[in-house]
Amino acid sequence: MGSLRRSHRCGEVMSSAVGSEVVLAGWVHRRRDHGGVIFVDLRDKTGLVQIVFRPESTPEAHARAHALRSEWVLMVRGVIERRSDDTINPNLPTGTIEIDVRELRILNSGSVPPFAIEDETDVDEQIRLRHRLHDLRRAPLQRALQIRHDLARAVRESLSSQGFMEIETPILARATPEGARDFLVPSRHHPGQFYALPQSPQIMKQLFMIAGCDRYYQIARCFRDEDQRADRQLEFTQVDLEMSFVGVEEILAVLERVTLEGCQACGVVLPTPFKRITYAEAMGRYGCDKPDTRIQLELVDLTSEFSTSEFKAFRDVVAGGGIVKALPIARADELTRGEIDRLEKFVRKELGAKGLGWIRVEADGSWKSPITKFLGAAETAAIEKRCQVEPGMVILFQADAKDKANAILSRLREDIGRRLGRVDGRAWDPLLVVDFPLFERDEKGQLTYVHQPFVAPVEEDLPLLDTDPQKVRGTHYDVVLNGTELGSGSLRNHRSDVQRKVLAIMGYGPEKMEQSFGFMLDALDTGAPPHGGFAFGFDRWVMKLAGSESLRDVIPFPKSQRGQDLLMEAPSPVDEGQLEELSLRVRLAPV
RNA sequence: GGGCCGGUAGUUCAACCGGUUAGAGCACCGGCCUGUCACGCCGGAAGUUGCGGGUUCGAGUCCCGUCCGGCCCGCCA
């Protein structure tokens with residue numbers, strides 16, 4: 001650069017007057033070389049500005065400008081000029097001006113970029129991840145990083161002003177047998193022993209409450225060695241918070257405020273107060289505990305109607321503890337026979353459905369369907385009434401285990417609802433889901449926790465712990481935004497006797513309880529205050545605000561689905577000496 | 001662990017039923033061009049068809065295996 005220093009950023013040059021001299025720096029976005037005059041679009045994170053090289057004004061700079069190539073790094077000194085009316089570019093915020101270059105400094109050349117740096121790209125994601133530095137230069141990713149920053153800052157401001165203190169917790173923590181797989185870190189000093197990266201600061205934040213910190217928060221990195229999804233990465237960031245001497249309502253108030261203020265900082269105004277729905281109602285109407293309620297299709301439960309049906313296939317499902325549910329779709333002409341066949345193939349192959357029952361109601365009111373021949377008058381009347389049958393309607397059915405039938409119909413509801421545009425006009429749909437059950441049965445029939453083992457039962461349900469634990473509601477709640485779970489929280493058990501009872505119901509004998517949770521139980525006994533809190537999936541929140549479909553578009557250096565960093569090529573083998581020092585030997589499974 | 005989709009030039013795609021020398025746009029390289037903004041015109045170079053094996057007279061194309069990317073189930077909360 002020599003002694004030259006930038007005076008403006010490219011997108012902000014309009015703040016200076018026409019005729020004034022400016023010094024700009026950035027990357028060559030595009031060069032248009034007319035042999036005579038040469039135009040270059042100069043780009044930095046703030047945008048583009050056109051710089052002009054004229055042979056008659058600066059022959060020396062002009063001569064060298066022929067050699068400029070995409071993604072070279074320049075600094076130029078020049079004068080802001082107003083463009084003539086016929087050369088104004090209305091697509092560019094700086095399109096009314098250009099910079100007449102007086103001096104060119106080439107700060108760096110660059111290799112030929114693997115793909116063009118443009119807002120819209122159809123480049124394969126594998127290529128984008130391998131060339132992440134070029135990908136990150138694209139405006140959508142720059143915007144996502146800006147949103148991350150704006151959101152993090154707003155969250156810190158909001159929580160600080162509500163009396164929360166940011167405290168860090170260790171990254172080298174202890175392995176936990178519960179929950180997700182741990183990432184392990186070998187200890188050099190303790191051969192054969194390992195730290196674990198935290199799956200979340202859950203236990204540590206409860207310890208803060210017990211230690212009298214009153215209100216804690218942290219923007220915390222979490223690690224879970226589980227298979228990934230579009231909305232799940234191996235490492236991710238949580239806005240984690242915990243507070244003492246509160247009930248659910250106080251937490252929800254904080255939650256609503258920080259959600260609101262966070263979104264607001266990113267230009268999104270959410271409607272308040274947030275709607276609330278119970279878990280039972282969400283599952284009933286939408287088949288899903290994180291519904292996008294902007295989609296105006298709802299499920300209809302016909303389980304009891306089919307419990308005595310002549311239709312053996314459905315009746316047997318009900319007899320076996322399953323459910324029968326329907327998804328009525330009015331004005332469904334678009335769902336042709338071929339389309340329904342495709343849906344059936346989809347739910348069978350992708351979601352493991354047994355099939356897809358359907359009824360089409362013709363214009364004359366007659367039913368066309370492969371299942372009507374099995375239906376008696378009672379079921380026909382029930383469907384007619386419960387689904388509010390009308391001409392043009394298509395009704396889809398699932399009879400299966402409760403979770404499966406709900407999952408399938410919920411997915412169909414979302415896909416079809418979006419495709420047919422059955423949405424209300426709201427851009428943002430925040431929702432609080434409350435009254436989750438505390439326990440559910442695992443595959444072995446044992447009661448286990450739905451969310452995590454420290455969730456406190458709803459106080460009035462405490463007696464049910466002894467009589468009918470499956471009916472016990474937890475103090476757990478989720479916040480859902482546009483069909484994505486942003487985060488969840490609960491009150492925690494602060495008395496060890498209640499915690500012990502909960503653990504006992506989940507099959508923990510005294511010994512195992514002590515081994516797995518003795519530390520926490522002892523901590524509670526030192527005088528734990530009533531407390532509870534919340535954790536947001538920060539990356540998902542950014543994803544929603546950025547309008548992205550994938551976490552990988554809001555994380556600067558994400559992992560691929562198989563957990564690799566394609567830029568830095570992690571994970572990687574390590575030197576034998578490094579393993580030796582850690583007392584490790586690698587034994588690969590026989591091929 | 002399982003299902004599905006994909007992998008051809010730097011990149012995005014094409015290549016019929018298995019058949020001649022694997023083509024095109026953009027990018028790249030060279031030349032020309034003084035008002036473009038996806039500049040234009042002329043020319044050129046560019047390929048281990050992800051990898052390995054098999055079938056075949058002949059494989060980008062069919063079969064098996066494997067690696068990689070993506071979506072989903074399981075898993076995860």
# chains A, B, ... in the order shown; residues from 1 in each chain; ligands from 1
>>> interface_residues(of="chain A", to="chain B", cutoff="9 Å", atoms="only C-alpha atoms (C1' of nucleotides)", output="PyMOL selection string")
chain A and resi 30+32-41+50+54-55+87+89+112-116+122-127+179-181+224-230+232+349-352+450-452+487-488+560-561
>>> select_by_dssp(residues="stretch 227-310 of chain A", states="strand (DSSP E)", output="list in words")
Glu235, Phe236, Thr237, Gln238, Val239, Asp240, Leu241, Glu242, Met243, Ser244, Lys275, Arg276, Ile277, Thr278, Val300 and Asp301 of chain A
>>> residues_around(residues="B:U55", least_positions_apart="6", cutoff="12 Å", atoms="only C-alpha atoms (C1' of nucleotides)", output="ChimeraX atom specification")
/B:18,62-64
>>> residues_around(residues="B:A24", least_positions_apart="6", cutoff="12 Å", atoms="only C-alpha atoms (C1' of nucleotides)", output="list of chain:residue names")
B:A9, B:U12, B:C13, B:A14, B:A15
>>> write_last_selection(atoms="C-alpha atoms (C1' of nucleotides)", output="PDB file, in the first residue's frame")
ATOM      1  C1'   A B   9     -13.221 -29.601 -19.002  1.00  0.00           C
ATOM      2  C1'   U B  12     -22.780 -25.341 -15.138  1.00  0.00           C
ATOM      3  C1'   C B  13     -24.607 -28.916 -18.206  1.00  0.00           C
ATOM      4  C1'   A B  14     -25.198 -32.254 -22.904  1.00  0.00           C
ATOM      5  C1'   A B  15     -23.764 -36.903 -25.158  1.00  0.00           C
TER       6        A B  15
END
>>> select_by_dssp(residues="stretch 205-285 of chain A", states="helix (DSSP H, G or I)", output="VMD selection string")
chain A and resid 205 to 210 248 to 265 279 to 285
>>> residues_around(residues="stretch 65-67 of chain B", least_positions_apart="3", cutoff="9 Å", atoms="only C-alpha atoms (C1' of nucleotides)", output="MDAnalysis selection string")
chainID B and resid 50:53
>>> write_last_selection(atoms="N, CA, C and O atoms (P, O5', C5', C4', C3', O3' and C1' of nucleotides)", output="compact mmCIF listing (two decimals), in the first residue's frame")
# COMPACT_ATOMS: atom_id res chain seq x y z
P G B 50 -17.16 -39.99 -13.41
O5' G B 50 -16.05 -39.88 -12.28
C5' G B 50 -15.27 -38.69 -12.14
C4' G B 50 -14.39 -38.84 -10.95
C3' G B 50 -13.65 -40.16 -10.87
O3' G B 50 -12.45 -40.15 -11.63
C1' G B 50 -14.70 -39.74 -8.81
P C B 51 -11.96 -41.46 -12.39
O5' C B 51 -11.55 -42.45 -11.21
C5' C B 51 -10.47 -42.15 -10.35
C4' C B 51 -10.35 -43.22 -9.28
C3' C B 51 -10.31 -44.64 -9.80
O3' C B 51 -9.02 -45.03 -10.24
C1' C B 51 -11.86 -44.51 -8.04
P G B 52 -8.89 -46.12 -11.40
O5' G B 52 -9.38 -47.47 -10.72
C5' G B 52 -8.59 -48.07 -9.69
C4' G B 52 -9.25 -49.31 -9.17
C3' G B 52 -9.65 -50.34 -10.21
O3' G B 52 -8.56 -51.12 -10.66
C1' G B 52 -11.40 -50.06 -8.66
P G B 53 -8.66 -51.79 -12.13
O5' G B 53 -9.88 -52.80 -11.98
C5' G B 53 -9.65 -54.12 -11.53
C4' G B 53 -10.94 -54.83 -11.20
C3' G B 53 -11.73 -55.42 -12.36
O3' G B 53 -11.17 -56.62 -12.86
C1' G B 53 -13.22 -54.34 -10.89
>>> residues_around(residues="A:Arg441", least_positions_apart="6", cutoff="10 Å", atoms="only C-alpha atoms (C1' of nucleotides)", output="list in words")
Leu447, Thr448, Tyr449, Val450, Gln470 and Met506 of chain A
>>> closest_residue(among="A:Ser15, A:Ser3, A:Gln146, A:Thr94", to="A:Arg43", atoms="only C-alpha atoms")
A:Thr94
>>> atom_distance(atom1="atom CA of A:Ala546", atom2="atom CA of A:Ala144")
6.0 Å
>>> residues_around(residues="A:Cys10", least_positions_apart="2", cutoff="9 Å", atoms="only C-alpha atoms (C1' of nucleotides)", output="PyMOL selection string")
chain A and resi 8+12-14+24-26+42-49+94
